[in-house]
>>> print(open('target19.tsv').read())   # TSV, C-alpha atoms
chain	number	residue	atom	x	y	z
A	205	MET	CA	32.86	-63.04	-23.10
A	206	ASN	CA	31.79	-64.55	-19.78
A	207	PRO	CA	28.34	-66.18	-19.34
A	208	ILE	CA	27.01	-63.21	-17.37
A	209	GLN	CA	27.90	-60.77	-20.17
A	210	PHE	CA	26.42	-63.09	-22.78
A	211	SER	CA	23.22	-63.42	-20.82
A	212	ALA	CA	22.85	-59.65	-20.37
A	213	ILE	CA	23.46	-58.97	-24.06
A	214	THR	CA	21.00	-61.71	-25.07
A	215	ILE	CA	18.31	-60.38	-22.76
A	216	PHE	CA	18.87	-56.83	-24.07
A	217	ARG	CA	18.50	-58.00	-27.67
A	218	ILE	CA	15.37	-59.99	-26.90
A	219	ALA	CA	13.88	-57.02	-25.07
A	220	SER	CA	14.70	-54.77	-28.02
A	221	CYS	CA	13.01	-57.16	-30.44
A	222	VAL	CA	9.92	-57.35	-28.24
A	223	THR	CA	9.79	-53.55	-28.02
A	224	ILE	CA	10.07	-53.20	-31.80
A	225	PHE	CA	7.36	-55.85	-32.30
A	226	PHE	CA	4.85	-54.20	-29.98
A	227	THR	CA	5.63	-50.73	-31.33
A	228	HIS	CA	4.91	-51.99	-34.84
A	229	PHE	CA	1.84	-53.88	-33.60
A	230	ASN	CA	0.41	-50.80	-31.85
A	231	ALA	CA	1.11	-48.61	-34.87
A	232	THR	CA	-0.63	-51.14	-37.10
A	233	GLN	CA	-3.60	-51.27	-34.75
A	234	ALA	CA	-3.80	-47.47	-34.72
A	235	GLN	CA	-3.66	-47.35	-38.52
A	236	GLU	CA	-6.40	-49.95	-38.74
A	237	GLY	CA	-8.48	-47.88	-36.32
A	238	VAL	CA	-8.09	-44.82	-38.52
A	239	ALA	CA	-8.86	-46.85	-41.62
A	240	LYS	CA	-12.05	-48.16	-40.03
A	241	LYS	CA	-13.35	-44.65	-39.30
A	242	ARG	CA	-16.34	-43.98	-41.52
A	243	VAL	CA	-16.07	-41.20	-44.10
A	244	VAL	CA	-18.74	-38.67	-45.03
A	245	VAL	CA	-18.20	-36.30	-47.97
A	246	CYS	CA	-20.11	-33.00	-47.87
A	247	SER	CA	-20.56	-30.59	-50.75
A	248	THR	CA	-20.44	-27.25	-48.89
A	249	THR	CA	-18.78	-25.80	-45.82
A	250	GLN	CA	-22.10	-25.25	-44.04
A	251	ILE	CA	-23.12	-28.87	-44.48
A	252	ALA	CA	-19.70	-30.06	-43.34
A	253	ASP	CA	-20.03	-27.99	-40.17
A	254	PHE	CA	-23.51	-29.35	-39.42
A	255	THR	CA	-22.16	-32.86	-39.91
A	256	ARG	CA	-19.17	-32.33	-37.60
A	257	GLN	CA	-21.52	-31.12	-34.87
A	258	ILE	CA	-23.30	-34.48	-35.06
A	259	VAL	CA	-20.52	-37.02	-35.59
A	260	GLY	CA	-17.80	-35.50	-33.41
A	261	ASP	CA	-14.58	-37.44	-33.99
A	262	ARG	CA	-16.31	-40.69	-34.83
A	263	TRP	CA	-16.39	-40.00	-38.60
A	264	GLU	CA	-13.94	-38.36	-40.96
A	265	VAL	CA	-15.73	-35.36	-42.49
A	266	VAL	CA	-14.48	-34.32	-45.93
A	267	CYS	CA	-15.72	-31.10	-47.56
A	268	VAL	CA	-15.49	-30.71	-51.34
A	269	LEU	CA	-15.64	-26.92	-51.31
A	270	ALA	CA	-12.99	-24.86	-49.60
A	271	PRO	CA	-13.94	-21.69	-47.66
A	272	GLY	CA	-14.84	-18.92	-50.08
A	273	GLU	CA	-15.55	-21.19	-53.06
A	274	ASP	CA	-18.76	-20.85	-55.06
A	275	PRO	CA	-20.90	-24.02	-55.31
A	276	HIS	CA	-22.84	-22.63	-58.29
A	277	THR	CA	-19.79	-22.51	-60.54
A	278	TYR	CA	-17.55	-25.18	-58.97
A	279	GLU	CA	-15.97	-27.73	-61.31
A	280	VAL	CA	-15.11	-31.09	-59.78
A	281	GLY	CA	-11.68	-32.66	-60.12
A	282	SER	CA	-10.04	-36.04	-59.71
A	283	ASP	CA	-9.42	-35.40	-55.99
A	284	ASP	CA	-13.18	-35.04	-55.48
A	285	SER	CA	-13.83	-38.34	-57.24
A	286	PHE	CA	-11.23	-40.04	-55.06
A	287	SER	CA	-12.80	-38.61	-51.89
A	288	VAL	CA	-16.24	-39.87	-52.86
A	289	GLN	CA	-14.85	-43.31	-53.69
A	290	ARG	CA	-13.79	-43.56	-50.02
A	291	ALA	CA	-17.11	-42.33	-48.67
A	292	ASP	CA	-19.71	-44.23	-46.71
A	293	LEU	CA	-22.13	-41.34	-47.24
A	294	CYS	CA	-22.38	-38.20	-49.39
A	295	ILE	CA	-24.35	-35.11	-48.40
A	296	GLU	CA	-25.47	-32.24	-50.65
A	297	ASN	CA	-27.59	-29.14	-50.25
A	298	GLY	CA	-29.80	-29.77	-53.27
A	299	TRP	CA	-32.07	-27.58	-55.43
A	300	ASN	CA	-29.11	-27.05	-57.76
A	301	LEU	CA	-26.98	-25.09	-55.33
A	302	GLU	CA	-24.30	-27.46	-56.58
A	303	GLY	CA	-24.41	-26.19	-60.16
A	304	HIS	CA	-25.47	-28.83	-62.70
A	305	GLY	CA	-25.83	-31.32	-59.85
A	306	TRP	CA	-22.12	-31.99	-59.45
A	307	MET	CA	-22.42	-33.56	-56.00
A	308	ALA	CA	-25.24	-35.88	-57.05
A	309	ASN	CA	-23.22	-36.88	-60.11
A	310	LEU	CA	-20.16	-37.71	-58.00
A	311	ALA	CA	-22.24	-39.88	-55.65
A	312	ARG	CA	-24.05	-41.62	-58.51
A	313	ASP	CA	-20.85	-42.39	-60.43
A	314	ALA	CA	-19.33	-43.94	-57.30
A	315	SER	CA	-22.57	-45.75	-56.32
A	316	LYS	CA	-22.60	-44.01	-52.94
A	317	PRO	CA	-25.69	-43.11	-50.87
A	318	LEU	CA	-26.64	-39.43	-51.07
A	319	VAL	CA	-28.57	-37.27	-48.60
A	320	THR	CA	-30.15	-34.03	-49.79
A	321	CYS	CA	-30.42	-31.55	-46.93
A	322	VAL	CA	-33.34	-29.51	-48.29
A	323	GLU	CA	-35.69	-32.48	-48.05
A	324	ASN	CA	-38.77	-31.37	-46.02
A	325	VAL	CA	-37.83	-27.67	-46.37
A	326	GLU	CA	-40.58	-25.36	-47.66
A	327	PRO	CA	-38.96	-23.59	-50.61
A	328	LEU	CA	-39.00	-19.97	-51.62
A	329	LYS	CA	-38.96	-19.25	-55.35
A	330	ILE	CA	-36.47	-17.22	-57.36
A	331	ASP	CA	-36.85	-16.18	-60.98
A	332	GLU	CA	-34.49	-17.46	-63.62
A	333	GLU	CA	-34.61	-17.27	-67.40
A	334	SER	CA	-36.26	-20.69	-67.53
A	335	GLY	CA	-38.87	-19.63	-64.96
A	336	PRO	CA	-39.30	-19.83	-61.17
A	337	VAL	CA	-37.09	-22.35	-59.36
A	338	ASN	CA	-36.60	-23.32	-55.73
A	339	ASP	CA	-34.20	-21.01	-53.91
A	340	PRO	CA	-31.42	-23.31	-52.64
A	341	HIS	CA	-30.04	-20.96	-49.93
A	342	ALA	CA	-32.36	-22.39	-47.30
A	343	TRP	CA	-29.78	-22.57	-44.49
A	344	PHE	CA	-30.10	-18.81	-43.94
A	345	SER	CA	-33.20	-19.58	-41.91
A	346	THR	CA	-32.27	-21.19	-38.60
A	347	THR	CA	-35.54	-23.14	-38.83
A	348	ASN	CA	-34.33	-24.66	-42.07
A	349	ALA	CA	-30.87	-25.23	-40.59
A	350	THR	CA	-32.62	-27.36	-37.98
A	351	ILE	CA	-34.17	-29.45	-40.75
A	352	TYR	CA	-30.75	-29.87	-42.38
A	353	VAL	CA	-29.29	-31.10	-39.09
A	354	ILE	CA	-32.10	-33.59	-38.49
A	355	ASN	CA	-31.80	-34.96	-42.03
A	356	ILE	CA	-28.05	-35.44	-41.53
A	357	ARG	CA	-28.49	-37.04	-38.11
A	358	ASN	CA	-31.05	-39.52	-39.47
A	359	ALA	CA	-28.75	-40.55	-42.32
A	360	ILE	CA	-25.71	-40.93	-40.06
A	361	SER	CA	-27.69	-42.95	-37.52
A	362	LYS	CA	-29.06	-45.23	-40.23
A	363	ILE	CA	-25.54	-46.17	-41.33
A	364	ASP	CA	-24.18	-46.40	-37.77
A	365	PRO	CA	-27.12	-47.40	-35.52
A	366	GLU	CA	-24.79	-48.60	-32.75
A	367	ASN	CA	-23.88	-44.98	-32.00
A	368	ALA	CA	-27.30	-43.45	-32.72
A	369	GLU	CA	-27.79	-42.29	-29.12
A	370	GLU	CA	-24.51	-40.40	-29.26
A	371	TYR	CA	-25.54	-38.66	-32.50
A	372	LYS	CA	-28.93	-37.87	-31.00
A	373	ALA	CA	-27.34	-36.28	-27.92
A	374	ARG	CA	-25.00	-34.09	-29.96
A	375	THR	CA	-27.89	-33.05	-32.19
A	376	GLU	CA	-30.04	-32.05	-29.22
A	377	LEU	CA	-27.30	-29.78	-27.90
A	378	TYR	CA	-26.71	-28.19	-31.30
A	379	LEU	CA	-30.41	-27.54	-31.84
A	380	ILE	CA	-30.46	-25.67	-28.52
A	381	GLN	CA	-27.64	-23.52	-29.88
A	382	LEU	CA	-29.58	-22.86	-33.11
A	383	ARG	CA	-32.64	-21.77	-31.14
A	384	ALA	CA	-30.46	-19.41	-29.09
A	385	LEU	CA	-28.95	-18.05	-32.31
A	386	ASN	CA	-32.41	-17.35	-33.72
A	387	HIS	CA	-33.43	-15.51	-30.55
A	388	TRP	CA	-30.24	-13.43	-30.63
A	389	ILE	CA	-30.69	-12.50	-34.30
A	390	ASN	CA	-34.21	-11.24	-33.62
A	391	GLN	CA	-32.91	-9.09	-30.78
A	392	GLN	CA	-30.13	-7.64	-32.92
A	393	VAL	CA	-32.21	-6.76	-35.99
A	394	ASN	CA	-34.73	-4.93	-33.82
A	395	ALA	CA	-32.15	-2.14	-33.70
A	396	ILE	CA	-32.81	-1.48	-37.41
A	397	PRO	CA	-35.93	0.58	-38.19
A	398	LYS	CA	-38.28	-1.41	-40.41
A	399	ALA	CA	-38.04	1.17	-43.18
A	400	ARG	CA	-34.29	0.56	-43.39
A	401	ARG	CA	-34.46	-3.22	-43.52
A	402	ILE	CA	-33.53	-3.37	-47.18
A	403	LEU	CA	-30.73	-5.85	-47.84
A	404	VAL	CA	-29.04	-5.23	-51.19
A	405	THR	CA	-26.52	-7.86	-52.26
A	406	HIS	CA	-25.14	-8.80	-55.64
A	407	HIS	CA	-27.05	-12.10	-55.93
A	408	ASP	CA	-30.22	-13.45	-54.41
A	409	ALA	CA	-28.84	-15.59	-51.59
A	410	PHE	CA	-30.60	-13.94	-48.65
A	411	GLY	CA	-34.29	-14.58	-49.34
A	412	TYR	CA	-34.77	-16.96	-46.41
A	413	PHE	CA	-32.89	-14.67	-44.05
A	414	ALA	CA	-35.02	-11.72	-45.20
A	415	LYS	CA	-38.28	-13.61	-44.72
A	416	SER	CA	-37.29	-14.83	-41.26
A	417	TYR	CA	-36.14	-11.46	-39.92
A	418	GLY	CA	-38.30	-8.88	-41.66
A	419	PHE	CA	-36.01	-7.63	-44.43
A	420	LYS	CA	-36.58	-6.93	-48.08
A	421	ALA	CA	-33.83	-8.69	-50.01
A	422	ILE	CA	-32.89	-7.20	-53.36
A	423	SER	CA	-30.41	-8.40	-55.95
A	424	PRO	CA	-29.80	-5.67	-58.56
A	425	VAL	CA	-31.31	-6.72	-61.89
A	426	GLY	CA	-31.00	-10.39	-61.06
A	427	TRP	CA	-27.25	-10.77	-60.85
A	428	THR	CA	-25.94	-14.26	-60.34
A	429	THR	CA	-22.59	-15.30	-58.92
A	430	GLY	CA	-20.98	-15.66	-62.32
A	431	GLU	CA	-21.99	-12.28	-63.75
A	432	LEU	CA	-20.07	-9.64	-61.84
A	433	SER	CA	-16.98	-9.61	-64.02
A	434	GLY	CA	-18.90	-9.49	-67.29
A	435	VAL	CA	-21.61	-6.88	-66.66
A	436	SER	CA	-22.16	-4.63	-69.67
A	437	ILE	CA	-22.18	-0.83	-69.64
A	438	GLY	CA	-25.94	-0.86	-70.11
A	439	GLY	CA	-26.35	-3.39	-67.33
A	440	ARG	CA	-24.20	-1.31	-65.04
A	441	GLN	CA	-26.31	1.79	-65.70
A	442	GLU	CA	-29.45	-0.17	-64.90
A	443	ILE	CA	-27.93	-1.34	-61.62
A	444	VAL	CA	-26.93	2.21	-60.68
A	445	LYS	CA	-30.44	3.43	-61.45
A	446	GLN	CA	-32.07	0.71	-59.38
A	447	ILE	CA	-29.85	1.31	-56.36
A	448	ARG	CA	-30.50	5.05	-56.46
A	449	GLU	CA	-34.25	4.43	-56.59
A	450	LEU	CA	-34.04	2.17	-53.54
A	451	GLY	CA	-32.60	5.01	-51.47
A	452	VAL	CA	-30.44	2.68	-49.37
A	453	LYS	CA	-27.36	3.87	-47.48
A	454	SER	CA	-25.33	0.66	-47.89
A	455	ILE	CA	-25.07	-2.39	-50.11
A	456	PHE	CA	-23.28	-5.59	-49.22
A	457	ILE	CA	-20.83	-7.86	-50.98
A	458	GLU	CA	-20.34	-11.56	-50.42
A	459	THR	CA	-17.02	-13.01	-49.31
A	460	SER	CA	-16.79	-15.33	-52.32
A	461	ILE	CA	-17.02	-12.50	-54.89
A	462	ASN	CA	-14.51	-10.05	-56.37
A	463	ARG	CA	-15.67	-6.63	-55.16
A	464	GLU	CA	-14.10	-4.41	-57.84
A	465	THR	CA	-17.32	-3.88	-59.84
A	466	LEU	CA	-19.42	-3.19	-56.74
A	467	ASP	CA	-16.85	-0.72	-55.42
A	468	GLY	CA	-17.23	1.27	-58.62
A	469	ILE	CA	-21.02	1.17	-58.48
A	470	ALA	CA	-21.03	2.24	-54.83
A	471	LYS	CA	-18.81	5.22	-55.66
A	472	GLU	CA	-21.05	6.20	-58.59
A	473	THR	CA	-24.23	6.02	-56.52
A	474	GLY	CA	-22.76	7.75	-53.46
A	475	ILE	CA	-23.45	4.86	-51.09
A	476	THR	CA	-21.08	2.67	-49.08
A	477	ILE	CA	-20.16	-0.97	-49.25
A	478	GLY	CA	-21.61	-2.07	-45.94
A	479	GLY	CA	-19.16	-4.88	-45.53
A	480	GLU	CA	-18.72	-8.47	-46.61
A	481	LEU	CA	-21.30	-11.15	-45.88
A	482	TYR	CA	-20.79	-14.88	-45.81
A	483	SER	CA	-23.18	-16.50	-48.26
A	484	ASP	CA	-22.54	-19.72	-50.18
A	485	ALA	CA	-19.41	-20.55	-48.18
A	486	MET	CA	-18.20	-20.03	-44.63
A	487	GLY	CA	-14.93	-18.41	-43.60
A	488	ALA	CA	-11.49	-19.96	-43.51
A	489	LYS	CA	-10.26	-21.87	-40.48
A	490	GLY	CA	-9.32	-19.47	-37.71
A	491	THR	CA	-11.73	-16.72	-38.83
A	492	ALA	CA	-14.87	-15.60	-37.01
A	493	GLY	CA	-16.99	-17.14	-39.77
A	494	GLU	CA	-15.50	-20.63	-39.80
A	495	THR	CA	-18.70	-22.20	-38.40
A	496	TYR	CA	-22.36	-21.83	-39.29
A	497	ILE	CA	-23.16	-20.04	-36.04
A	498	GLY	CA	-20.10	-17.84	-36.51
A	499	MET	CA	-20.97	-16.85	-40.08
A	500	MET	CA	-24.56	-16.04	-39.13
A	501	ARG	CA	-23.39	-13.99	-36.12
A	502	GLU	CA	-20.87	-12.01	-38.17
A	503	ASN	CA	-23.38	-11.38	-40.96
A	504	VAL	CA	-25.94	-10.01	-38.51
A	505	LEU	CA	-23.40	-7.77	-36.79
A	506	THR	CA	-22.30	-6.39	-40.18
A	507	ILE	CA	-25.87	-5.79	-41.38
A	508	VAL	CA	-26.97	-4.11	-38.15
A	509	LYS	CA	-23.91	-1.87	-38.06
A	510	HIS	CA	-24.54	-0.45	-41.54
A	511	LEU	CA	-28.34	-0.28	-41.67
A	512	LYS	CA	-29.47	0.90	-38.22
>>> encode(input="target19.tsv", output="structure tokens")
Amino acid sequence: MNPIQFSAITIFRIASCVTIFFTHFNATQAQEGVAKKRVVVCSTTQIADFTRQIVGDRWEVVCVLAPGEDPHTYEVGSDDSFSVQRADLCIENGWNLEGHGWMANLARDASKPLVTCVENVEPLKIDEESGPVNDPHAWFSTTNATIYVINIRNAISKIDPENAEEYKARTELYLIQLRALNHWINQQVNAIPKARRILVTHHDAFGYFAKSYGFKAISPVGWTTGELSGVSIGGRQEIVKQIRELGVKSIFIETSINRETLDGIAKETGITIGGELYSDAMGAKGTAGETYIGMMRENVLTIVKHLK
């Protein structure tokens, strides 16, 4: 091997080592950047969407519930505990939407800060066996959704004050969108005569929506999300009787519920299933209801189509 060949080979090897070093260095830096990204764990899909609107890509947003899952009956697993252990902040709806306080329990067990979105919301009441309780489905009023967003923004900004102006700017834009959504909903529901604004669903999730937009929300004989599959013959007859007395043309089913029982009741009463409504959970990724604004839009279009 002559000196020129040796020199070329040596330079090539050195260059290769330098390339490998910097490739590894850059990869390590990128991994450290990802690792340093703050983590927020949200209980429901609606809350996760609100949070993403505020934090953009600056935080990792983890949602405990998957699209279509029921927060009232959800049972936490080891993956949820692991997610919360990583969290800088946990966010829940509150008022026992998360049945038996599962999100608050996860945050407490991991000693993580917890934000409750319904703080400062004026509650409606629903009747349960133990007596009246606060209705947790407050996000169905866009006014309340605004309160949720502000509560989330304040908590995020408190943990990361250096980027507070960025969170404030995103929030301002999103609140404009929520005001536009509210205006659009009012325009759409005006197509339904007031006498027909009776919203019958299988459980009482739409009280805030009904109050905001002039509907009467009815849940047949107080069904809850866990009761559809086990309704008795006597209970079924009572439901049929109540629906007939209401004189409605359509009833609605929620996307997180098995519709077999309601299909049978609709057939027996001679009315139609007016379509599926998003309630306690948003739609899957890629569907029209994968965001809060999307789920509200699709619900309104479905309601107007079948009640006007």
>>> closest_atom_pairs(input="target19.tsv", of="stretch 340-410 of chain A", to="stretch 249-255 of chain A", cutoff="9 Å", atoms="all atoms listed in the file", output="CSV")
residue,atom,partner,partner_atom,distance
A:Trp343,CA,A:Gln250,CA,8.1
A:Ala349,CA,A:Phe254,CA,8.5
A:Tyr352,CA,A:Phe254,CA,7.8
A:Val353,CA,A:Phe254,CA,6.0
A:Ile356,CA,A:Thr255,CA,6.6
A:Arg357,CA,A:Thr255,CA,7.8
A:Ile360,CA,A:Thr255,CA,8.8
A:Tyr378,CA,A:Phe254,CA,8.8
>>> atom_distance(input="target19.tsv", atom1="atom CA of A:Tyr371", atom2="atom CA of A:Arg262")
9.7 Å
>>> closest_residue(input="target19.tsv", among="A:His276, A:Arg374, A:Lys398, A:Arg312", to="A:His341", atoms="only C-alpha atoms")
A:His276
>>> atom_distance(input="target19.tsv", atom1="atom CA of A:Glu302", atom2="atom CA of A:Pro340")
9.1 Å
>>> atom_distance(input="target19.tsv", atom1="atom CA of A:Cys294", atom2="atom CA of A:Met500")
24.5 Å
>>> closest_residue(input="target19.tsv", among="A:Phe410, A:Tyr417, A:Trp263, A:Lys372", to="A:Lys240", atoms="only C-alpha atoms")
A:Trp263
>>> residues_around(input="target19.tsv", residues="A:Ile507", least_positions_apart="2", cutoff="9 Å", atoms="only C-alpha atoms", output="MDAnalysis selection string")
chainID A and resid 393 403 456 478:479 481 502:505 509:512
>>> residues_around(input="target19.tsv", residues="stretch 362-364 of chain A", least_positions_apart="3", cutoff="12 Å", atoms="only C-alpha atoms", output="MDAnalysis selection string")
chainID A and resid 241:244 259 262:263 291:294 317:319 355:359 367:372
>>> closest_residue(input="target19.tsv", among="A:Arg290, A:Arg400, A:Arg256, A:His406", to="A:Leu466", atoms="all atoms listed in the file")
A:His406
>>> residues_around(input="target19.tsv", residues="A:Thr476", least_positions_apart="6", cutoff="7 Å", atoms="only C-alpha atoms", output="ChimeraX atom specification")
/A:453-455,470
>>> closest_residue(input="target19.tsv", among="A:Ala311, A:Leu328, A:Cys321, A:Ala488", to="A:Tyr412", atoms="all atoms listed in the file")
A:Leu328
>>> closest_residue(input="target19.tsv", among="A:Gly468, A:Ala384, A:Ile475, A:Gly451", to="A:Arg401", atoms="all atoms listed in the file")
A:Gly451
>>> residues_around(input="target19.tsv", residues="A:Ile422", least_positions_apart="5", cutoff="10 Å", atoms="all atoms listed in the file", output="list in words")
Ile402, Leu403, Val404, Thr405, His406, His407, Asp408, Ala409, Phe410, Gly411, Ala414, Gln446, Ile447, Leu450 and Ile455 of chain A
>>> closest_residue(input="target19.tsv", among="A:Glu323, A:Glu376, A:Asp283, A:Asp261", to="A:Gly298", atoms="all atoms listed in the file")
A:Glu323
>>> residues_around(input="target19.tsv", residues="A:Gly303", least_positions_apart="3", cutoff="8 Å", atoms="all atoms listed in the file", output="list in words")
Pro275, His276, Thr277, Tyr278, Asn300 and Trp306 of chain A
